[in-house]
$ cat model.cif   # mmCIF, N, CA and C atoms
data_start
#
loop_
_atom_site.label_atom_id
_atom_site.label_comp_id
_atom_site.auth_asym_id
_atom_site.auth_seq_id
_atom_site.Cartn_x
_atom_site.Cartn_y
_atom_site.Cartn_z
N MET A 1 75.57 82.04 150.95
CA MET A 1 75.31 82.51 152.29
C MET A 1 74.91 81.33 153.15
N SER A 2 75.82 80.94 154.00
CA SER A 2 75.57 79.72 154.73
C SER A 2 75.47 79.91 156.23
N ASN A 3 75.76 81.08 156.76
CA ASN A 3 75.66 81.22 158.20
C ASN A 3 74.68 82.30 158.60
N SER A 4 74.40 82.34 159.88
CA SER A 4 73.40 83.26 160.41
C SER A 4 73.72 84.73 160.12
N LYS A 5 74.98 85.12 160.26
CA LYS A 5 75.34 86.51 160.00
C LYS A 5 75.12 86.87 158.54
N SER A 6 75.41 85.97 157.64
CA SER A 6 75.20 86.23 156.21
C SER A 6 73.72 86.47 155.93
N PHE A 7 72.86 85.63 156.50
CA PHE A 7 71.42 85.81 156.29
C PHE A 7 70.92 87.10 156.93
N GLN A 8 71.48 87.45 158.06
CA GLN A 8 71.07 88.69 158.71
C GLN A 8 71.50 89.90 157.88
N ARG A 9 72.66 89.85 157.27
CA ARG A 9 73.08 90.92 156.37
C ARG A 9 72.10 91.05 155.20
N PHE A 10 71.72 89.90 154.65
CA PHE A 10 70.78 89.88 153.53
C PHE A 10 69.44 90.48 153.94
N ILE A 11 68.99 90.18 155.13
CA ILE A 11 67.73 90.72 155.64
C ILE A 11 67.84 92.23 155.80
N VAL A 12 68.98 92.73 156.28
CA VAL A 12 69.17 94.18 156.41
C VAL A 12 69.09 94.85 155.05
N VAL A 13 69.75 94.29 154.05
CA VAL A 13 69.70 94.87 152.70
C VAL A 13 68.26 94.91 152.22
N GLN A 14 67.53 93.82 152.41
CA GLN A 14 66.14 93.80 151.98
C GLN A 14 65.30 94.83 152.74
N ALA A 15 65.53 94.97 154.04
CA ALA A 15 64.78 95.94 154.83
C ALA A 15 65.08 97.37 154.38
N LEU A 16 66.35 97.67 154.14
CA LEU A 16 66.71 99.01 153.67
C LEU A 16 66.08 99.29 152.31
N TYR A 17 66.08 98.28 151.45
CA TYR A 17 65.46 98.44 150.14
C TYR A 17 63.95 98.66 150.28
N GLU A 18 63.32 97.85 151.09
CA GLU A 18 61.88 97.98 151.30
C GLU A 18 61.53 99.38 151.82
N LEU A 19 62.30 99.86 152.76
CA LEU A 19 62.05 101.21 153.30
C LEU A 19 62.29 102.29 152.25
N SER A 20 63.24 102.07 151.36
CA SER A 20 63.54 103.08 150.34
C SER A 20 62.45 103.18 149.28
N ILE A 21 61.75 102.08 149.02
CA ILE A 21 60.69 102.13 148.01
C ILE A 21 59.32 102.37 148.62
N ASN A 22 59.20 102.23 149.92
CA ASN A 22 57.93 102.46 150.62
C ASN A 22 58.08 103.62 151.60
N GLU A 23 58.55 104.73 151.12
CA GLU A 23 58.79 105.88 151.97
C GLU A 23 57.51 106.30 152.68
N GLY A 24 57.68 106.69 153.92
CA GLY A 24 56.54 107.15 154.70
C GLY A 24 55.97 106.09 155.63
N GLY A 25 56.23 104.84 155.37
CA GLY A 25 55.74 103.78 156.24
C GLY A 25 56.68 103.56 157.40
N GLU A 26 56.27 103.97 158.57
CA GLU A 26 57.13 103.86 159.75
C GLU A 26 56.73 102.64 160.57
N LYS A 27 57.30 101.50 160.23
CA LYS A 27 57.08 100.27 160.97
C LYS A 27 58.31 100.01 161.83
N PRO A 28 58.14 99.36 162.96
CA PRO A 28 59.32 98.95 163.74
C PRO A 28 60.16 97.98 162.93
N ILE A 29 61.46 98.06 163.08
CA ILE A 29 62.36 97.24 162.28
C ILE A 29 62.13 95.75 162.51
N GLU A 30 61.77 95.37 163.74
CA GLU A 30 61.50 93.96 164.01
C GLU A 30 60.34 93.46 163.14
N GLU A 31 59.33 94.30 162.96
CA GLU A 31 58.18 93.94 162.12
C GLU A 31 58.61 93.77 160.66
N ILE A 32 59.47 94.67 160.19
CA ILE A 32 59.97 94.56 158.81
C ILE A 32 60.80 93.30 158.65
N PHE A 33 61.70 93.03 159.59
CA PHE A 33 62.51 91.81 159.53
C PHE A 33 61.62 90.56 159.51
N ASN A 34 60.64 90.53 160.40
CA ASN A 34 59.76 89.36 160.48
C ASN A 34 58.96 89.18 159.19
N HIS A 35 58.51 90.27 158.60
CA HIS A 35 57.79 90.20 157.34
C HIS A 35 58.69 89.61 156.24
N ILE A 36 59.92 90.07 156.17
CA ILE A 36 60.87 89.56 155.17
C ILE A 36 61.09 88.07 155.39
N ILE A 37 61.28 87.67 156.62
CA ILE A 37 61.52 86.26 156.93
C ILE A 37 60.30 85.41 156.59
N GLU A 38 59.12 85.88 156.94
CA GLU A 38 57.90 85.12 156.67
C GLU A 38 57.63 84.97 155.18
N GLN A 39 58.04 85.94 154.37
CA GLN A 39 57.79 85.90 152.93
C GLN A 39 58.91 85.21 152.16
N SER A 40 59.80 84.57 152.88
CA SER A 40 60.96 83.96 152.22
C SER A 40 61.18 82.55 152.72
N ASN A 41 62.27 81.99 152.31
CA ASN A 41 62.64 80.65 152.78
C ASN A 41 63.66 80.73 153.91
N TYR A 42 63.71 81.86 154.61
CA TYR A 42 64.69 82.04 155.68
C TYR A 42 64.22 81.52 157.03
N LYS A 43 62.96 81.12 157.13
CA LYS A 43 62.39 80.72 158.42
C LYS A 43 63.27 79.71 159.14
N ASN A 44 63.67 78.67 158.44
CA ASN A 44 64.49 77.63 159.08
C ASN A 44 65.92 78.09 159.31
N LYS A 45 66.39 79.01 158.52
CA LYS A 45 67.79 79.43 158.62
C LYS A 45 68.03 80.43 159.74
N VAL A 46 67.00 81.15 160.15
CA VAL A 46 67.18 82.15 161.20
C VAL A 46 66.27 81.92 162.40
N LYS A 47 65.62 80.75 162.47
CA LYS A 47 64.66 80.52 163.54
C LYS A 47 65.30 80.47 164.92
N ASN A 48 66.56 80.13 165.01
CA ASN A 48 67.23 80.04 166.30
C ASN A 48 68.11 81.25 166.60
N THR A 49 67.88 82.33 165.90
CA THR A 49 68.67 83.53 166.15
C THR A 49 67.75 84.67 166.57
N ASN A 50 68.31 85.62 167.27
CA ASN A 50 67.51 86.74 167.77
C ASN A 50 67.62 87.98 166.88
N LEU A 51 68.32 87.88 165.79
CA LEU A 51 68.51 88.97 164.82
C LEU A 51 69.22 90.19 165.40
N ASN A 52 69.94 90.01 166.50
CA ASN A 52 70.67 91.14 167.09
C ASN A 52 71.73 91.70 166.14
N PHE A 53 72.38 90.84 165.38
CA PHE A 53 73.39 91.30 164.43
C PHE A 53 72.73 92.18 163.36
N ALA A 54 71.60 91.75 162.85
CA ALA A 54 70.87 92.55 161.84
C ALA A 54 70.42 93.88 162.43
N LYS A 55 69.92 93.85 163.65
CA LYS A 55 69.48 95.09 164.31
C LYS A 55 70.65 96.05 164.49
N LYS A 56 71.81 95.50 164.88
CA LYS A 56 73.00 96.33 165.07
C LYS A 56 73.40 97.01 163.77
N ILE A 57 73.41 96.26 162.68
CA ILE A 57 73.79 96.84 161.39
C ILE A 57 72.76 97.89 160.97
N PHE A 58 71.48 97.53 161.07
CA PHE A 58 70.43 98.47 160.66
C PHE A 58 70.50 99.77 161.46
N GLU A 59 70.63 99.65 162.76
CA GLU A 59 70.73 100.84 163.61
C GLU A 59 72.00 101.63 163.31
N GLY A 60 73.10 100.93 163.03
CA GLY A 60 74.35 101.59 162.68
C GLY A 60 74.22 102.39 161.40
N VAL A 61 73.53 101.83 160.42
CA VAL A 61 73.29 102.55 159.16
C VAL A 61 72.43 103.77 159.44
N THR A 62 71.38 103.59 160.22
CA THR A 62 70.46 104.70 160.52
C THR A 62 71.17 105.84 161.24
N VAL A 63 71.96 105.52 162.24
CA VAL A 63 72.66 106.54 163.03
C VAL A 63 73.74 107.25 162.20
N ASN A 64 74.39 106.52 161.31
CA ASN A 64 75.51 107.07 160.53
C ASN A 64 75.15 107.35 159.08
N TYR A 65 73.88 107.49 158.79
CA TYR A 65 73.36 107.63 157.43
C TYR A 65 74.10 108.71 156.63
N ASP A 66 74.18 109.91 157.16
CA ASP A 66 74.82 111.02 156.44
C ASP A 66 76.32 110.77 156.25
N LYS A 67 76.98 110.25 157.28
CA LYS A 67 78.41 109.95 157.18
C LYS A 67 78.67 108.88 156.12
N ILE A 68 77.81 107.87 156.11
CA ILE A 68 77.96 106.78 155.14
C ILE A 68 77.80 107.32 153.72
N ASP A 69 76.80 108.17 153.51
CA ASP A 69 76.60 108.74 152.18
C ASP A 69 77.75 109.64 151.76
N LYS A 70 78.35 110.36 152.70
CA LYS A 70 79.53 111.18 152.38
C LYS A 70 80.71 110.30 151.98
N ILE A 71 80.90 109.20 152.70
CA ILE A 71 81.97 108.27 152.36
C ILE A 71 81.72 107.68 150.97
N LEU A 72 80.49 107.30 150.70
CA LEU A 72 80.15 106.73 149.40
C LEU A 72 80.40 107.74 148.29
N LYS A 73 79.98 108.96 148.50
CA LYS A 73 80.17 110.00 147.48
C LYS A 73 81.67 110.23 147.23
N ALA A 74 82.45 110.32 148.30
CA ALA A 74 83.89 110.52 148.17
C ALA A 74 84.55 109.33 147.47
N SER A 75 84.03 108.14 147.71
CA SER A 75 84.63 106.93 147.15
C SER A 75 84.27 106.69 145.70
N THR A 76 83.28 107.38 145.20
CA THR A 76 82.92 107.26 143.79
C THR A 76 83.46 108.45 143.01
N ASN A 77 84.39 109.17 143.62
CA ASN A 77 85.00 110.35 143.00
C ASN A 77 83.94 111.38 142.61
N LYS A 78 82.85 111.37 143.38
CA LYS A 78 81.75 112.32 143.17
C LYS A 78 81.15 112.24 141.76
N LYS A 79 81.42 111.12 141.07
CA LYS A 79 80.87 110.94 139.73
C LYS A 79 79.43 110.44 139.78
N ILE A 80 79.08 109.82 140.88
CA ILE A 80 77.75 109.24 141.02
C ILE A 80 76.97 110.02 142.06
N ASN A 81 75.78 110.45 141.69
CA ASN A 81 74.91 111.13 142.64
C ASN A 81 74.20 110.05 143.47
N VAL A 82 74.46 110.05 144.76
CA VAL A 82 73.90 109.04 145.64
C VAL A 82 72.37 109.04 145.56
N ASN A 83 71.77 110.21 145.46
CA ASN A 83 70.32 110.30 145.42
C ASN A 83 69.71 109.71 144.14
N SER A 84 70.48 109.64 143.07
CA SER A 84 69.95 109.08 141.83
C SER A 84 70.40 107.63 141.59
N MET A 85 71.14 107.08 142.53
CA MET A 85 71.64 105.71 142.42
C MET A 85 70.48 104.72 142.59
N ASP A 86 70.57 103.58 141.96
CA ASP A 86 69.59 102.51 142.10
C ASP A 86 69.36 102.22 143.58
N LYS A 87 68.10 102.13 144.00
CA LYS A 87 67.78 101.96 145.41
C LYS A 87 68.31 100.64 145.99
N LEU A 88 68.31 99.60 145.19
CA LEU A 88 68.85 98.33 145.68
C LEU A 88 70.36 98.41 145.83
N LEU A 89 71.01 99.06 144.90
CA LEU A 89 72.46 99.23 144.96
C LEU A 89 72.86 100.02 146.21
N ILE A 90 72.16 101.10 146.48
CA ILE A 90 72.46 101.91 147.66
C ILE A 90 72.14 101.13 148.94
N SER A 91 71.14 100.24 148.86
CA SER A 91 70.78 99.41 150.01
C SER A 91 71.85 98.36 150.31
N ILE A 92 72.68 98.08 149.35
CA ILE A 92 73.83 97.20 149.56
C ILE A 92 75.03 98.01 150.05
N PHE A 93 75.25 99.16 149.44
CA PHE A 93 76.40 99.99 149.82
C PHE A 93 76.34 100.43 151.29
N ARG A 94 75.20 100.90 151.73
CA ARG A 94 75.12 101.50 153.08
C ARG A 94 75.50 100.54 154.20
N PRO A 95 74.94 99.34 154.28
CA PRO A 95 75.39 98.46 155.37
C PRO A 95 76.82 97.97 155.19
N ALA A 96 77.25 97.82 153.95
CA ALA A 96 78.64 97.41 153.72
C ALA A 96 79.60 98.48 154.23
N ILE A 97 79.31 99.72 153.90
CA ILE A 97 80.17 100.82 154.37
C ILE A 97 80.10 100.94 155.89
N TYR A 98 78.92 100.75 156.44
CA TYR A 98 78.81 100.79 157.91
C TYR A 98 79.72 99.73 158.52
N GLU A 99 79.65 98.51 158.02
CA GLU A 99 80.46 97.45 158.61
C GLU A 99 81.96 97.71 158.45
N ILE A 100 82.35 98.23 157.30
CA ILE A 100 83.77 98.47 157.05
C ILE A 100 84.29 99.64 157.88
N GLU A 101 83.54 100.71 157.94
CA GLU A 101 84.02 101.94 158.56
C GLU A 101 83.65 102.12 160.04
N PHE A 102 82.57 101.50 160.49
CA PHE A 102 82.07 101.81 161.83
C PHE A 102 81.95 100.59 162.74
N SER A 103 82.31 99.42 162.26
CA SER A 103 82.24 98.23 163.11
C SER A 103 83.59 97.52 163.09
N ASP A 104 83.65 96.41 163.79
CA ASP A 104 84.91 95.67 163.84
C ASP A 104 84.99 94.54 162.81
N THR A 105 84.09 94.56 161.83
CA THR A 105 84.14 93.56 160.75
C THR A 105 85.34 93.84 159.85
N ALA A 106 86.08 92.81 159.55
CA ALA A 106 87.23 92.95 158.65
C ALA A 106 86.74 93.37 157.27
N LYS A 107 87.49 94.26 156.64
CA LYS A 107 87.10 94.81 155.34
C LYS A 107 86.89 93.71 154.32
N LYS A 108 87.80 92.75 154.24
CA LYS A 108 87.69 91.67 153.26
C LYS A 108 86.43 90.84 153.47
N ILE A 109 86.09 90.60 154.72
CA ILE A 109 84.88 89.82 155.01
C ILE A 109 83.64 90.60 154.60
N ALA A 110 83.58 91.88 154.96
CA ALA A 110 82.42 92.70 154.61
C ALA A 110 82.26 92.77 153.08
N ILE A 111 83.34 93.02 152.38
CA ILE A 111 83.26 93.10 150.91
C ILE A 111 82.76 91.78 150.35
N SER A 112 83.34 90.69 150.80
CA SER A 112 82.94 89.38 150.30
C SER A 112 81.46 89.11 150.56
N GLU A 113 81.00 89.41 151.75
CA GLU A 113 79.60 89.16 152.12
C GLU A 113 78.64 89.98 151.25
N TYR A 114 78.95 91.25 151.06
CA TYR A 114 78.04 92.10 150.29
C TYR A 114 78.13 91.83 148.79
N LEU A 115 79.26 91.34 148.32
CA LEU A 115 79.34 90.91 146.92
C LEU A 115 78.48 89.66 146.69
N LEU A 116 78.44 88.78 147.67
CA LEU A 116 77.56 87.61 147.56
C LEU A 116 76.09 88.03 147.50
N ILE A 117 75.74 89.01 148.30
CA ILE A 117 74.37 89.53 148.27
C ILE A 117 74.09 90.17 146.91
N ALA A 118 75.00 91.00 146.45
CA ALA A 118 74.82 91.69 145.16
C ALA A 118 74.69 90.69 144.02
N ASN A 119 75.40 89.60 144.13
CA ASN A 119 75.38 88.57 143.10
C ASN A 119 73.98 87.98 142.90
N ARG A 120 73.15 88.04 143.91
CA ARG A 120 71.78 87.53 143.81
C ARG A 120 70.88 88.46 143.00
N PHE A 121 71.29 89.73 142.83
CA PHE A 121 70.43 90.71 142.19
C PHE A 121 71.00 91.33 140.93
N PHE A 122 72.31 91.39 140.83
CA PHE A 122 72.94 92.16 139.77
C PHE A 122 73.87 91.33 138.90
N GLY A 123 74.25 91.92 137.77
CA GLY A 123 75.23 91.35 136.87
C GLY A 123 76.62 91.82 137.22
N MET A 124 77.56 91.47 136.37
CA MET A 124 78.97 91.77 136.64
C MET A 124 79.29 93.26 136.69
N ASN A 125 78.62 94.09 135.91
CA ASN A 125 78.92 95.53 135.93
C ASN A 125 78.67 96.12 137.31
N GLU A 126 77.53 95.81 137.89
CA GLU A 126 77.20 96.34 139.21
C GLU A 126 78.08 95.73 140.29
N ILE A 127 78.35 94.44 140.16
CA ILE A 127 79.19 93.77 141.15
C ILE A 127 80.61 94.34 141.12
N SER A 128 81.10 94.61 139.92
CA SER A 128 82.43 95.23 139.79
C SER A 128 82.43 96.63 140.40
N LEU A 129 81.36 97.37 140.19
CA LEU A 129 81.25 98.71 140.79
C LEU A 129 81.27 98.62 142.30
N ILE A 130 80.48 97.73 142.86
CA ILE A 130 80.43 97.56 144.32
C ILE A 130 81.80 97.16 144.85
N ASN A 131 82.44 96.20 144.21
CA ASN A 131 83.76 95.75 144.64
C ASN A 131 84.77 96.90 144.59
N GLY A 132 84.77 97.63 143.50
CA GLY A 132 85.73 98.73 143.36
C GLY A 132 85.52 99.83 144.38
N VAL A 133 84.28 100.21 144.58
CA VAL A 133 83.99 101.29 145.54
C VAL A 133 84.33 100.85 146.96
N LEU A 134 83.90 99.66 147.36
CA LEU A 134 84.17 99.19 148.72
C LEU A 134 85.66 98.96 148.96
N ASP A 135 86.35 98.48 147.95
CA ASP A 135 87.77 98.23 148.10
C ASP A 135 88.57 99.53 148.24
N ASN A 136 88.05 100.60 147.68
CA ASN A 136 88.77 101.89 147.68
C ASN A 136 88.04 102.97 148.47
N LEU A 137 87.40 102.60 149.57
CA LEU A 137 86.68 103.59 150.36
C LEU A 137 87.62 104.73 150.76
N GLN A 138 87.10 105.93 150.62
CA GLN A 138 87.88 107.12 150.94
C GLN A 138 87.30 107.82 152.17
N ASP A 139 88.17 108.35 152.98
CA ASP A 139 87.74 109.14 154.13
C ASP A 139 87.09 110.42 153.62
N SER A 140 85.89 110.67 154.05
CA SER A 140 85.16 111.84 153.54
C SER A 140 85.33 113.07 154.43
N GLN A 141 86.23 112.99 155.37
CA GLN A 141 86.47 114.10 156.32
C GLN A 141 85.24 114.37 157.17
N PHE A 142 84.53 113.34 157.56
CA PHE A 142 83.34 113.55 158.38
C PHE A 142 83.79 113.79 159.79
#

$ encode --input "model.cif" --output "structure tokens"
Amino acid sequence: MSNSKSFQRFIVVQALYELSINEGGEKPIEEIFNHIIEQSNYKNKVKNTNLNFAKKIFEGVTVNYDKIDKILKASTNKKINVNSMDKLLISIFRPAIYEIEFSDTAKKIAISEYLLIANRFFGMNEISLINGVLDNLQDSQF
């Protein structure tokens, strides 16, 4: 991850994960982003950015949450229960699906970016799952 957008994607994944494990804590997203940045080595990498790209992705996931989960469920052939999926894995799937289905990000770029993020946390089994699901996203009739 060498550019500002890549780091912002990574911050979104971390924020979504943090919110999923700390349910009930309603902090403004800017506060969550700043906390993640302060607790990491991202300070120098994102100091000259306004995090608008991260905010756009995060808000897009929030607004399209149910649609994204329907797409994910349809794309896993309903074999995987989204609610029982690993919280970090789902925190990677949701922004990736948002970017592929609801933004102007090219599918190949989104897949590549989120596979790089997944590579920091998971082994080949999970990375293969993410790649396969994102590559074969199905319209969920939303």

$ residues_around --input "model.cif" --residues "stretch 19-33 of chain A" --least-positions-apart "3" --cutoff "10 Å" --atoms "only C-alpha atoms" --output "VMD selection string"
chain A and resid 8 11 to 16 36 to 38 51 54 to 55 58 to 59 87 to 88 90 to 91

$ closest_residue --input "model.cif" --among "A:Ser40, A:Lys56, A:Phe10, A:Ser4" --to "A:Asp104" --atoms "only C-alpha atoms"
A:Lys56

$ residues_around --input "model.cif" --residues "stretch 69-78 of chain A" --least-positions-apart "3" --cutoff "10 Å" --atoms "only C-alpha atoms" --output "count of residues only"
25

$ atom_distance --input "model.cif" --atom1 "atom CA of A:Tyr17" --atom2 "atom CA of A:Ile92"
8.5 Å

$ select_by_dssp --input "model.cif" --residues "stretch 43-126 of chain A" --states "helix (DSSP H, G or I)" --output "PyMOL selection string"
chain A and resi 43-46+52-63+65-75+82-84+87-102+107-119+124-126
